[in-house]
$ cat input26.txt   # compact mmCIF, C-alpha atoms
# COMPACT_ATOMS: atom_id res chain seq x y z
CA MET A 1 -51.86 8.56 -15.11
CA THR A 2 -53.79 6.22 -12.76
CA ILE A 3 -53.67 7.05 -9.05
CA TYR A 4 -54.06 4.19 -6.55
CA ARG A 5 -55.07 4.59 -2.93
CA PHE A 6 -54.49 1.86 -0.33
CA ARG A 7 -56.69 2.57 2.67
CA ASN A 8 -57.67 0.94 6.00
CA CYS A 9 -54.06 0.19 6.86
CA THR A 10 -51.16 1.10 9.13
CA LEU A 11 -48.03 2.49 7.48
CA MET A 12 -44.45 2.23 8.70
CA ARG A 13 -43.21 5.71 7.93
CA ASN A 14 -40.74 8.13 9.56
CA HIS A 15 -39.62 5.58 12.18
CA ALA A 16 -43.15 4.99 13.44
CA LEU A 17 -46.38 3.13 12.78
CA ILE A 18 -49.10 5.53 11.71
CA ILE A 19 -52.70 5.24 10.58
CA ASP A 20 -52.70 6.62 7.07
CA ASP A 21 -53.33 5.77 3.41
CA LEU A 22 -50.72 4.92 0.81
CA TRP A 23 -51.00 6.71 -2.52
CA ILE A 24 -49.27 5.43 -5.66
CA ARG A 25 -48.82 6.85 -9.14
CA HIS A 26 -46.48 5.68 -11.90
CA GLY A 27 -44.66 3.29 -9.56
CA LYS A 28 -43.90 6.00 -6.99
CA ILE A 29 -45.31 6.94 -3.59
CA ILE A 30 -46.99 10.33 -3.79
CA ASP A 31 -48.15 13.05 -1.43
CA PRO A 32 -51.97 13.15 -1.46
CA GLU A 33 -52.07 16.79 -0.37
CA LYS A 34 -50.49 17.83 -3.64
CA ILE A 35 -53.07 15.76 -5.47
CA PHE A 36 -55.93 17.43 -3.59
CA PHE A 37 -54.76 21.02 -3.56
CA ASP A 38 -52.49 21.37 -6.59
CA GLU A 39 -54.05 19.02 -9.12
CA LYS A 40 -57.56 18.98 -7.62
CA ILE A 41 -58.13 15.31 -8.41
CA GLN A 42 -58.80 12.16 -6.38
CA ALA A 43 -57.71 8.52 -6.54
CA ASP A 44 -58.82 6.54 -9.59
CA ILE A 45 -58.82 3.19 -7.79
CA GLU A 46 -59.08 2.39 -4.08
CA TYR A 47 -58.14 -0.79 -2.22
CA ASP A 48 -59.21 -1.94 1.25
CA CYS A 49 -56.17 -3.38 3.07
CA GLN A 50 -58.29 -4.82 5.89
CA GLY A 51 -56.26 -3.30 8.69
CA VAL A 52 -52.84 -4.80 7.83
CA LEU A 53 -49.43 -3.20 8.17
CA ILE A 54 -47.79 -1.79 5.05
CA ALA A 55 -43.99 -1.63 5.23
CA PRO A 56 -41.23 -0.97 2.71
CA GLY A 57 -40.00 -4.03 0.83
CA TYR A 58 -37.04 -5.86 2.32
CA ILE A 59 -33.50 -5.45 0.94
CA ASP A 60 -30.92 -8.25 1.27
CA LEU A 61 -27.30 -7.13 0.92
CA GLN A 62 -25.79 -10.62 1.22
CA ILE A 63 -27.37 -13.65 -0.41
CA ASN A 64 -25.19 -16.38 -1.94
CA GLY A 65 -28.01 -18.16 -3.74
CA ALA A 66 -31.51 -19.52 -3.24
CA PHE A 67 -34.07 -21.99 -4.54
CA GLY A 68 -31.35 -24.33 -5.84
CA HIS A 69 -29.40 -21.62 -7.66
CA ASP A 70 -25.77 -20.86 -6.73
CA PHE A 71 -24.54 -17.37 -7.59
CA SER A 72 -20.90 -18.53 -7.38
CA SER A 73 -21.22 -21.34 -9.89
CA PRO A 74 -19.90 -20.59 -13.41
CA ASN A 75 -21.86 -23.60 -14.64
CA GLU A 76 -25.18 -21.95 -13.87
CA VAL A 77 -24.55 -18.40 -14.98
CA ASN A 78 -27.32 -16.89 -17.09
CA GLU A 79 -29.89 -14.16 -16.72
CA ASN A 80 -32.69 -16.66 -16.13
CA ILE A 81 -31.13 -17.74 -12.82
CA LEU A 82 -31.19 -14.22 -11.40
CA ILE A 83 -34.72 -13.61 -12.63
CA ASP A 84 -35.94 -16.89 -11.14
CA VAL A 85 -34.46 -16.01 -7.75
CA ALA A 86 -35.68 -12.41 -8.02
CA ARG A 87 -39.23 -13.61 -8.63
CA LYS A 88 -39.24 -16.17 -5.82
CA LEU A 89 -37.70 -13.83 -3.26
CA THR A 90 -40.86 -11.73 -3.43
CA SER A 91 -42.59 -14.53 -1.50
CA HIS A 92 -40.34 -13.55 1.42
CA GLY A 93 -41.03 -9.82 1.11
CA VAL A 94 -37.73 -9.07 -0.65
CA THR A 95 -38.00 -6.34 -3.28
CA ALA A 96 -34.25 -5.74 -3.83
CA PHE A 97 -31.06 -7.74 -3.29
CA LEU A 98 -27.35 -8.10 -4.01
CA PRO A 99 -26.35 -11.50 -5.43
CA THR A 100 -23.21 -12.42 -3.50
CA ILE A 101 -20.21 -14.28 -4.89
CA VAL A 102 -17.94 -16.10 -2.43
CA SER A 103 -14.18 -16.56 -2.89
CA SER A 104 -13.64 -18.10 -6.31
CA SER A 105 -11.01 -18.60 -9.00
CA ILE A 106 -10.03 -15.76 -11.32
CA ASP A 107 -11.65 -17.59 -14.21
CA THR A 108 -14.93 -17.79 -12.30
CA TYR A 109 -14.96 -14.04 -11.63
CA LYS A 110 -14.27 -13.32 -15.28
CA ILE A 111 -17.33 -15.41 -16.20
CA LEU A 112 -19.76 -14.28 -13.49
CA LEU A 113 -19.14 -10.57 -12.94
CA PRO A 114 -20.01 -9.40 -16.47
CA LYS A 115 -23.22 -11.47 -16.43
CA TYR A 116 -24.81 -10.32 -13.17
CA LYS A 117 -26.07 -6.91 -14.23
CA ARG A 118 -28.19 -4.47 -12.29
CA GLN A 119 -31.85 -4.78 -13.13
CA VAL A 120 -34.90 -2.72 -12.23
CA GLY A 121 -37.51 -4.83 -10.43
CA SER A 122 -41.06 -5.35 -11.61
CA ALA A 123 -44.10 -7.47 -10.86
CA LYS A 124 -43.11 -9.64 -13.82
CA ASP A 125 -39.36 -10.04 -13.21
CA GLY A 126 -39.31 -9.80 -9.42
CA ALA A 127 -36.97 -8.00 -7.03
CA THR A 128 -34.55 -5.29 -8.13
CA ILE A 129 -30.93 -6.40 -8.55
CA LEU A 130 -28.84 -3.66 -6.95
CA GLY A 131 -25.42 -4.92 -8.04
CA ILE A 132 -23.07 -7.64 -6.86
CA HIS A 133 -21.57 -8.18 -3.42
CA ILE A 134 -18.12 -9.76 -3.82
CA GLU A 135 -17.13 -11.52 -0.59
CA GLY A 136 -13.49 -12.50 -1.02
CA PRO A 137 -10.97 -13.73 -1.98
CA PHE A 138 -8.91 -11.05 -0.19
CA LEU A 139 -9.71 -12.49 3.24
CA ASN A 140 -7.71 -13.70 6.22
CA GLU A 141 -7.11 -17.45 6.03
CA ASP A 142 -7.48 -17.83 9.80
CA LYS A 143 -11.04 -16.48 9.57
CA ARG A 144 -11.96 -17.85 6.17
CA GLY A 145 -15.05 -19.67 7.48
CA ALA A 146 -16.45 -21.66 4.56
CA HIS A 147 -14.23 -19.95 1.96
CA ARG A 148 -11.74 -22.26 0.27
CA THR A 149 -8.12 -21.71 1.25
CA ASP A 150 -6.80 -22.29 -2.28
CA PHE A 151 -8.86 -19.36 -3.57
CA LEU A 152 -7.68 -16.78 -1.01
CA ARG A 153 -5.32 -14.08 -2.23
CA GLU A 154 -2.98 -11.34 -1.00
CA SER A 155 -2.52 -7.86 -2.48
CA PRO A 156 1.23 -7.11 -2.68
CA HIS A 157 0.56 -4.74 -5.59
CA GLY A 158 -2.49 -3.08 -4.08
CA ILE A 159 -5.45 -2.27 -6.32
CA GLU A 160 -3.77 -3.90 -9.31
CA ASP A 161 -4.18 -7.30 -7.66
CA LEU A 162 -7.91 -6.75 -7.28
CA LEU A 163 -8.26 -5.59 -10.87
CA SER A 164 -6.38 -8.62 -12.17
CA CYS A 165 -8.56 -10.87 -10.01
CA TYR A 166 -12.00 -9.42 -10.78
CA GLY A 167 -11.43 -7.89 -14.20
CA SER A 168 -14.04 -5.16 -13.75
CA PHE A 169 -16.14 -3.48 -11.08
CA ASP A 170 -18.88 -2.38 -13.47
CA ASN A 171 -21.65 -4.48 -11.90
CA VAL A 172 -20.31 -4.46 -8.34
CA SER A 173 -21.76 -2.55 -5.36
CA ILE A 174 -20.02 -4.02 -2.28
CA VAL A 175 -16.62 -5.67 -1.78
CA THR A 176 -15.74 -7.48 1.45
CA ILE A 177 -12.03 -7.50 2.33
CA ALA A 178 -9.89 -8.21 5.41
CA PRO A 179 -8.35 -4.80 6.27
CA GLU A 180 -5.18 -6.27 7.82
CA ILE A 181 -4.00 -7.61 4.47
CA PRO A 182 -1.07 -5.41 3.36
CA ASN A 183 -1.99 -2.42 1.14
CA MET A 184 -5.72 -2.63 1.85
CA ILE A 185 -5.97 0.42 4.10
CA GLU A 186 -3.40 2.64 2.39
CA ASN A 187 -4.15 1.81 -1.25
CA VAL A 188 -7.09 -0.45 -1.99
CA ILE A 189 -9.95 0.92 0.15
CA PRO A 190 -9.60 4.59 -0.91
CA ILE A 191 -9.36 3.68 -4.61
CA LEU A 192 -12.36 1.34 -4.50
CA ILE A 193 -14.42 4.15 -3.03
CA GLU A 194 -13.12 7.23 -4.83
CA LYS A 195 -12.45 5.79 -8.29
CA TYR A 196 -14.99 2.99 -8.55
CA GLY A 197 -17.75 4.23 -6.23
CA LEU A 198 -17.97 0.98 -4.27
CA ILE A 199 -19.01 0.27 -0.69
CA VAL A 200 -16.15 -1.40 1.16
CA SER A 201 -17.04 -3.87 3.88
CA ILE A 202 -14.58 -5.45 6.30
CA GLY A 203 -14.87 -9.02 7.47
CA HIS A 204 -13.39 -12.52 7.54
CA SER A 205 -10.69 -10.81 9.49
CA MET A 206 -8.26 -11.07 12.41
CA ALA A 207 -8.07 -7.28 12.63
CA SER A 208 -7.63 -5.51 15.92
CA LEU A 209 -9.79 -2.54 16.82
CA ASP A 210 -6.97 -0.20 15.81
CA ILE A 211 -6.78 -1.71 12.32
CA GLY A 212 -10.56 -1.60 12.05
CA GLU A 213 -10.58 2.09 12.98
CA ARG A 214 -7.92 2.80 10.35
CA ALA A 215 -10.01 0.97 7.75
CA ILE A 216 -13.06 3.07 8.63
CA CYS A 217 -11.04 6.28 8.44
CA SER A 218 -9.81 5.07 5.04
CA GLY A 219 -13.41 4.83 3.84
CA ALA A 220 -14.86 1.42 4.79
CA ARG A 221 -18.42 1.76 6.11
CA PHE A 222 -19.81 -1.76 6.51
CA ILE A 223 -18.94 -4.82 8.58
CA THR A 224 -19.74 -8.22 7.07
CA HIS A 225 -21.84 -10.48 9.33
CA LEU A 226 -20.82 -9.10 12.74
CA PHE A 227 -19.52 -11.66 15.28
CA ASN A 228 -19.00 -14.29 12.56
CA ALA A 229 -15.57 -14.87 10.95
CA MET A 230 -13.77 -12.27 13.08
CA LEU A 231 -11.96 -12.08 16.40
CA PRO A 232 -14.35 -12.49 19.33
CA PHE A 233 -14.90 -9.50 21.59
CA HIS A 234 -12.12 -9.18 24.21
CA HIS A 235 -11.97 -6.56 26.91
CA ARG A 236 -8.39 -5.52 26.04
CA ASP A 237 -8.87 -5.57 22.27
CA PRO A 238 -12.50 -5.82 21.18
CA GLY A 239 -11.55 -6.27 17.51
CA LEU A 240 -13.99 -5.27 14.79
CA VAL A 241 -16.90 -5.63 17.21
CA GLY A 242 -15.45 -2.66 19.09
CA LEU A 243 -16.10 -0.39 16.11
CA LEU A 244 -19.72 -0.14 17.27
CA THR A 245 -18.58 1.94 20.27
CA SER A 246 -15.26 3.41 19.13
CA HIS A 247 -14.61 6.95 20.37
CA ARG A 248 -11.75 7.48 17.93
CA LEU A 249 -13.96 7.79 14.87
CA PRO A 250 -15.53 11.08 13.75
CA ALA A 251 -19.07 11.50 15.04
CA THR A 252 -20.28 12.09 11.49
CA ILE A 253 -19.36 8.54 10.41
CA VAL A 254 -22.18 6.00 10.59
CA ILE A 255 -20.97 2.41 10.53
CA HIS A 256 -23.41 -0.26 9.43
CA TYR A 257 -22.99 -3.94 10.18
CA GLY A 258 -24.62 -7.05 8.83
CA LEU A 259 -26.21 -9.46 11.29
CA ILE A 260 -27.46 -12.96 10.52
CA VAL A 261 -30.43 -13.38 12.86
CA ASP A 262 -31.38 -16.90 11.81
CA GLY A 263 -31.25 -18.50 15.27
CA ILE A 264 -28.03 -20.32 14.29
CA HIS A 265 -25.29 -17.81 13.50
CA THR A 266 -26.02 -15.26 16.22
CA HIS A 267 -27.41 -15.87 19.71
CA SER A 268 -30.38 -13.69 20.64
CA ALA A 269 -28.34 -12.16 23.49
CA ALA A 270 -25.70 -11.07 20.95
CA VAL A 271 -28.45 -9.60 18.79
CA ARG A 272 -29.71 -7.55 21.73
CA LEU A 273 -26.16 -6.49 22.64
CA ALA A 274 -25.43 -5.16 19.15
CA HIS A 275 -28.83 -3.49 18.91
CA ARG A 276 -28.58 -1.69 22.24
CA VAL A 277 -25.09 -0.43 21.46
CA HIS A 278 -25.68 0.72 17.88
CA PRO A 279 -29.28 0.21 16.70
CA GLN A 280 -29.12 2.61 13.74
CA GLY A 281 -26.32 0.60 12.13
CA LEU A 282 -27.92 -2.84 12.31
CA VAL A 283 -28.58 -4.44 8.91
CA LEU A 284 -30.27 -7.82 8.71
CA VAL A 285 -28.74 -10.11 6.08
CA THR A 286 -29.53 -13.72 5.28
CA ASP A 287 -26.13 -14.86 3.96
CA ALA A 288 -28.41 -17.44 2.35
CA VAL A 289 -27.10 -20.49 0.52
CA PRO A 290 -28.66 -22.14 -2.54
CA ALA A 291 -30.79 -24.31 -0.24
CA LEU A 292 -32.96 -21.36 0.83
CA GLY A 293 -36.53 -22.38 0.08
CA LEU A 294 -35.64 -26.08 -0.29
CA PRO A 295 -35.79 -29.11 2.06
CA ASP A 296 -32.87 -30.66 3.95
CA GLY A 297 -30.33 -32.30 1.67
CA ILE A 298 -26.97 -31.97 -0.08
CA TYR A 299 -26.31 -28.96 -2.30
CA ARG A 300 -23.40 -27.06 -3.84
CA MET A 301 -22.13 -23.53 -3.24
CA GLY A 302 -19.17 -22.40 -5.29
CA ALA A 303 -16.68 -25.26 -5.37
CA ASP A 304 -17.99 -26.87 -2.18
CA GLU A 305 -20.62 -29.42 -1.28
CA ILE A 306 -22.86 -28.31 1.57
CA VAL A 307 -25.18 -30.23 3.85
CA VAL A 308 -28.44 -28.76 5.13
CA GLU A 309 -30.00 -30.41 8.18
CA LYS A 310 -32.29 -29.02 10.86
CA LYS A 311 -31.92 -25.42 9.64
CA ARG A 312 -28.09 -25.60 9.65
CA ALA A 313 -25.99 -25.38 6.50
CA THR A 314 -22.42 -26.69 6.82
CA ILE A 315 -19.54 -27.63 4.54
CA ALA A 316 -19.83 -31.36 3.88
CA GLY A 317 -17.74 -33.42 6.30
CA THR A 318 -17.28 -30.52 8.75
CA GLN A 319 -19.22 -28.50 11.28
CA THR A 320 -18.26 -25.21 9.60
CA LEU A 321 -21.28 -23.01 8.95
CA CYS A 322 -21.41 -21.88 5.34
CA GLY A 323 -24.42 -19.58 5.36
CA SER A 324 -28.05 -19.55 6.31
CA ILE A 325 -31.27 -21.03 4.98
CA ALA A 326 -33.45 -18.45 6.71
CA SER A 327 -35.36 -15.92 4.65
CA LEU A 328 -35.10 -12.20 5.36
CA ALA A 329 -38.72 -12.27 6.53
CA GLU A 330 -37.77 -14.88 9.13
CA CYS A 331 -34.79 -12.79 10.22
CA VAL A 332 -37.10 -9.82 10.81
CA GLN A 333 -39.42 -12.00 12.89
CA ASN A 334 -36.47 -13.44 14.84
CA MET A 335 -35.12 -9.99 15.62
CA ARG A 336 -38.48 -8.78 16.85
CA GLN A 337 -38.68 -11.82 19.14
CA ALA A 338 -35.13 -11.29 20.41
CA LEU A 339 -35.93 -7.69 21.36
CA LEU A 340 -39.19 -8.76 22.98
CA ASP A 341 -37.44 -11.49 24.99
CA GLY A 342 -34.91 -8.97 26.23
CA GLU A 343 -37.61 -6.75 27.66
CA ILE A 344 -39.30 -9.69 29.37
CA ASN A 345 -36.01 -10.82 30.90
CA LYS A 346 -35.42 -7.42 32.48
CA SER A 347 -38.09 -8.12 35.06
CA ASN A 348 -37.88 -11.94 35.04
CA GLU A 349 -41.59 -12.14 34.48
CA LYS A 350 -44.12 -11.95 31.69
CA LYS A 351 -44.41 -8.30 30.85
CA ILE A 352 -47.53 -6.69 29.44
CA PHE A 353 -46.44 -4.24 26.78
CA ASP A 354 -48.40 -1.24 25.67
CA ASP A 355 -48.82 -0.44 21.99
CA LYS A 356 -45.84 1.92 22.02
CA ASP A 357 -43.50 -0.87 23.20
CA LYS A 358 -44.83 -3.32 20.65
CA ASN A 359 -44.61 -0.82 17.83
CA LYS A 360 -41.01 0.02 18.69
CA PHE A 361 -39.94 -3.62 18.33
CA ILE A 362 -41.76 -3.89 15.01
CA VAL A 363 -40.33 -0.67 13.60
CA GLU A 364 -36.73 -1.38 14.61
CA SER A 365 -36.85 -4.92 13.24
CA ILE A 366 -38.32 -3.86 9.91
CA GLU A 367 -35.99 -0.89 9.54
CA ALA A 368 -33.03 -3.26 9.89
CA ALA A 369 -34.19 -4.92 6.65
CA THR A 370 -35.32 -1.78 4.80
CA VAL A 371 -33.99 1.72 5.38
CA HIS A 372 -30.73 0.56 6.99
CA PRO A 373 -29.54 -1.57 4.05
CA ALA A 374 -30.75 1.17 1.70
CA SER A 375 -28.59 3.65 3.64
CA VAL A 376 -25.54 1.43 3.16
CA LEU A 377 -26.00 1.83 -0.60
CA HIS A 378 -26.95 5.54 -0.32
CA ILE A 379 -30.40 4.93 -1.81
CA GLU A 380 -32.46 5.55 1.33
CA ASN A 381 -34.59 8.17 -0.43
CA GLN A 382 -35.48 5.71 -3.16
CA LYS A 383 -35.68 2.29 -1.50
CA GLY A 384 -36.47 0.98 1.97
CA THR A 385 -38.92 3.76 2.75
CA LEU A 386 -42.53 4.80 2.24
CA SER A 387 -41.59 8.47 1.99
CA PHE A 388 -43.08 10.59 -0.76
CA GLY A 389 -41.15 10.22 -4.01
CA ALA A 390 -39.75 6.80 -3.17
CA ASP A 391 -40.23 3.71 -5.32
CA ALA A 392 -43.51 1.99 -4.51
CA ASP A 393 -41.87 -1.25 -3.34
CA PHE A 394 -43.86 -2.40 -0.32
CA ILE A 395 -45.27 -5.40 1.51
CA LEU A 396 -48.42 -6.23 3.45
CA LEU A 397 -47.78 -7.84 6.84
CA ASP A 398 -50.02 -9.37 9.48
CA ASP A 399 -49.53 -8.82 13.21
CA LYS A 400 -46.93 -11.61 13.37
CA LEU A 401 -45.00 -10.02 10.50
CA ASN A 402 -45.90 -12.79 8.08
CA VAL A 403 -45.74 -11.55 4.49
CA LEU A 404 -49.18 -11.47 2.89
CA SER A 405 -48.37 -9.70 -0.36
CA THR A 406 -45.45 -8.02 -2.13
CA PHE A 407 -45.63 -5.04 -4.49
CA ILE A 408 -42.88 -3.75 -6.77
CA ALA A 409 -43.23 -0.36 -8.47
CA GLY A 410 -46.82 -0.30 -7.25
CA GLU A 411 -47.82 -3.59 -8.87
CA GLN A 412 -48.53 -6.85 -7.08
CA ALA A 413 -45.66 -9.32 -7.54
CA TRP A 414 -46.75 -12.04 -5.08
CA THR A 415 -49.57 -12.94 -2.70
CA VAL A 416 -49.90 -15.66 -0.09
CA ASN A 417 -53.41 -16.62 -1.20
CA ASP A 418 -56.40 -15.42 -3.20
CA LYS A 419 -57.71 -13.32 -0.32
CA TRP A 420 -54.89 -10.86 -0.89
CA LEU A 421 -55.08 -10.74 -4.66
CA ILE A 422 -55.23 -7.11 -5.71
CA ASN A 423 -58.57 -7.59 -7.46
CA ASN A 424 -60.09 -8.92 -4.24
CA LEU A 425 -58.92 -5.85 -2.32
CA HIS A 426 -60.52 -3.52 -4.85
CA ILE A 427 -63.42 -1.49 -3.48
CA LYS A 428 -63.86 1.58 -5.68
CA SER A 429 -63.07 2.88 -9.13
CA TYR A 430 -63.64 6.43 -10.25
CA GLN A 431 -62.37 6.03 -13.79
$ encode --input "input26.txt" --output "structure tokens"
Amino acid sequence: MTIYRFRNCTLMRNHALIIDDLWIRHGKIIDPEKIFFDEKIQADIEYDCQGVLIAPGYIDLQINGAFGHDFSSPNEVNENILIDVARKLTSHGVTAFLPTIVSSSIDTYKILLPKYKRQVGSAKDGATILGIHIEGPFLNEDKRGAHRTDFLRESPHGIEDLLSCYGSFDNVSIVTIAPEIPNMIENVIPILIEKYGLIVSIGHSMASLDIGERAICSGARFITHLFNAMLPFHHRDPGLVGLLTSHRLPATIVIHYGLIVDGIHTHSAAVRLAHRVHPQGLVLVTDAVPALGLPDGIYRMGADEIVVEKKRATIAGTQTLCGSIASLAECVQNMRQALLDGEINKSNEKKIFDDKDKNKFIVESIEAATVHPASVLHIENQKGTLSFGADADFILLDDKLNVLSTFIAGEQAWTVNDKWLINNLHIKSYQ
């Protein structure tokens, strides 16, 4: 079995940036000490990474479509759509994602959900498909955002209403619901988790903090795009935002929350606020619409026409935001800048940061798109990490966090130009 060694690089590993080599065999990251001392062999092929940063591949838990493809359209459904998006997402450093379906008709769910199957990523077929994220239709109408009112549903019969709506949970990983809808906390959330093994996220909600706390105690562990489509923070009832600092939840519970750091949905001050309060729970998501990767224009998402202009995507004829057109790589860069700006503002002057400060901003921004989303899905030992034994899904980044190359299962899936082609990085072969 061929052993590959990537040298002359910095690795993001164990919450830090370290000078080390990355060793790959059979699509997995391996411990070189075991190779040296146990197997008494060396690398077969070595690559010179020219001093770049190697980080785990990005994971997007909420993406509604991209590159002209709409995951909520029954007219487009086929395996080729997912593969096309999976391949193109590698140009943004994404090595795994959850295609997200917005509130739709029952007929649409019956068509789409059986088709969007989990798929192992590869250099040929692109990013891994980790299951579906269903966002709706069991949402609060007053916080529906871009979701169509005529598709929203109640759950008077509890889990039976969800089963009759979706048909099956076989390909589903995350479901977003509004916890204040009757029967959600007492019946639906526990069954989705215990019987179907799903991650329950709460969002598009008018829930108070008390209701949010009850939903978490019932088993919910994720908050869909924090600050957006929920009650704003209020000092007498902070709503779902207050879950980040709730003292009524067991200390063993870790709540994660999605954050759209595209420069449109969430102000940089709000990004810093959430990060300082609960950094380990922050998960960058794109909430991307089909126009991701395309120029300004008119597109469709689900049953709606959307308009994209000057980096804003809105429902046609309104000012209602309907998602983002930022890539996950851009969100990582935006978060790093937001954290940097916050440090500068503390002293009201240009601050000179040492390497430790700079590295902290880089690590925390990248972890929000790697190990944190992996933790939501309980796959943090497999994805979103460069730890030994993990899948060899990784990216090469320059000092501005631009993606130079993307690898899936140890094989190059994308490169920005010929300089970073794997053959041009090759320096030694011992075979």
$ closest_residue --input "input26.txt" --among "A:His147, A:His92, A:Arg248, A:His278" --to "A:Gly126" --atoms "all atoms listed in the file"
A:His92
$ atom_distance --input "input26.txt" --atom1 "atom CA of A:Val94" --atom2 "atom CA of A:Tyr257"
19.0 Å
$ closest_residue --input "input26.txt" --among "A:Thr95, A:Ser375, A:Thr314, A:Ser73" --to "A:Ala146" --atoms "all atoms listed in the file"
A:Thr314
$ atom_distance --input "input26.txt" --atom1 "atom CA of A:Thr252" --atom2 "atom CA of A:Leu231"
26.0 Å
$ atom_distance --input "input26.txt" --atom1 "atom CA of A:Ala368" --atom2 "atom CA of A:Met206"
26.1 Å
$ residues_around --input "input26.txt" --residues "stretch 331-340 of chain A" --least-positions-apart "4" --cutoff "8 Å" --atoms "only C-alpha atoms" --output "MDAnalysis selection string"
chainID A and resid 260:263 268:269 271:272 284:286 326:327 344 361:362 364:366 368:369 400:401
$ residues_around --input "input26.txt" --residues "A:Ile129" --least-positions-apart "3" --cutoff "12 Å" --atoms "only C-alpha atoms" --output "number ranges by chain"
A: 59-63, 79, 82-87, 89, 94-100, 116-122, 125-126, 132-133, 171-173
$ closest_atom_pairs --input "input26.txt" --of "stretch 246-327 of chain A" --to "stretch 376-381 of chain A" --cutoff "9 Å" --atoms "all atoms listed in the file" --output "JSON lines"
{"residue": "A:Ile255", "atom": "CA", "partner": "A:Val376", "partner_atom": "CA", "distance": 8.7}
{"residue": "A:His256", "atom": "CA", "partner": "A:Val376", "partner_atom": "CA", "distance": 6.8}
{"residue": "A:Val283", "atom": "CA", "partner": "A:Val376", "partner_atom": "CA", "distance": 8.8}
$ residues_around --input "input26.txt" --residues "A:Ile202" --least-positions-apart "6" --cutoff "9 Å" --atoms "all atoms listed in the file" --output "number ranges by chain"
A: 175-179, 212, 215-216, 220-224, 240
$ closest_atom_pairs --input "input26.txt" --of "stretch 18-110 of chain A" --to "stretch 383-390 of chain A" --cutoff "12 Å" --atoms "all atoms listed in the file" --output "CSV"
residue,atom,partner,partner_atom,distance
A:Ile18,CA,A:Leu386,CA,11.5
A:Asp20,CA,A:Leu386,CA,11.4
A:Asp21,CA,A:Leu386,CA,10.9
A:Leu22,CA,A:Leu386,CA,8.3
A:Trp23,CA,A:Phe388,CA,9.0
A:Ile24,CA,A:Phe388,CA,9.4
A:Arg25,CA,A:Gly389,CA,9.8
A:His26,CA,A:Gly389,CA,10.5
A:Gly27,CA,A:Ala390,CA,8.8
A:Lys28,CA,A:Ala390,CA,5.7
A:Ile29,CA,A:Phe388,CA,5.1
A:Ile30,CA,A:Phe388,CA,5.0
A:Asp31,CA,A:Phe388,CA,5.7
A:Pro32,CA,A:Phe388,CA,9.3
A:Glu33,CA,A:Phe388,CA,10.9
A:Lys34,CA,A:Phe388,CA,10.8
A:Ile54,CA,A:Leu386,CA,8.9
A:Ala55,CA,A:Leu386,CA,7.2
A:Pro56,CA,A:Gly384,CA,5.2
A:Gly57,CA,A:Gly384,CA,6.2
A:Tyr58,CA,A:Gly384,CA,6.9
A:Ile59,CA,A:Gly384,CA,7.2
A:Asp60,CA,A:Gly384,CA,10.8
A:Gly93,CA,A:Gly384,CA,11.8
A:Val94,CA,A:Gly384,CA,10.5
A:Thr95,CA,A:Lys383,CA,9.1
A:Ala96,CA,A:Lys383,CA,8.5
A:Phe97,CA,A:Lys383,CA,11.2
$ build_atoms --input "input26.txt" --residues "stretch 324-333 of chain A" --atoms "N, CA and C atoms" --output "short mmCIF file (atom, residue, chain, number, x, y, z; two decimals), keeping the file's coordinate frame"
data_model
loop_
_atom_site.label_atom_id
_atom_site.label_comp_id
_atom_site.auth_asym_id
_atom_site.auth_seq_id
_atom_site.Cartn_x
_atom_site.Cartn_y
_atom_site.Cartn_z
N SER A 324 -26.76 -19.34 5.67
CA SER A 324 -28.05 -19.55 6.31
C SER A 324 -29.07 -20.08 5.31
N ILE A 325 -30.13 -20.67 5.83
CA ILE A 325 -31.27 -21.03 4.98
C ILE A 325 -32.52 -20.28 5.42
N ALA A 326 -32.32 -19.27 6.26
CA ALA A 326 -33.45 -18.45 6.71
C ALA A 326 -33.73 -17.35 5.69
N SER A 327 -35.00 -17.04 5.52
CA SER A 327 -35.36 -15.92 4.65
C SER A 327 -35.21 -14.62 5.42
N LEU A 328 -35.20 -13.50 4.69
CA LEU A 328 -35.10 -12.20 5.36
C LEU A 328 -36.35 -11.93 6.19
N ALA A 329 -37.49 -12.43 5.74
CA ALA A 329 -38.72 -12.27 6.53
C ALA A 329 -38.59 -12.98 7.88
N GLU A 330 -37.99 -14.16 7.87
CA GLU A 330 -37.77 -14.88 9.13
C GLU A 330 -36.79 -14.14 10.02
N CYS A 331 -35.76 -13.55 9.43
CA CYS A 331 -34.79 -12.79 10.22
C CYS A 331 -35.45 -11.60 10.91
N VAL A 332 -36.36 -10.93 10.21
CA VAL A 332 -37.10 -9.82 10.81
C VAL A 332 -37.93 -10.32 11.99
N GLN A 333 -38.61 -11.43 11.81
CA GLN A 333 -39.42 -12.00 12.89
C GLN A 333 -38.54 -12.42 14.07
#
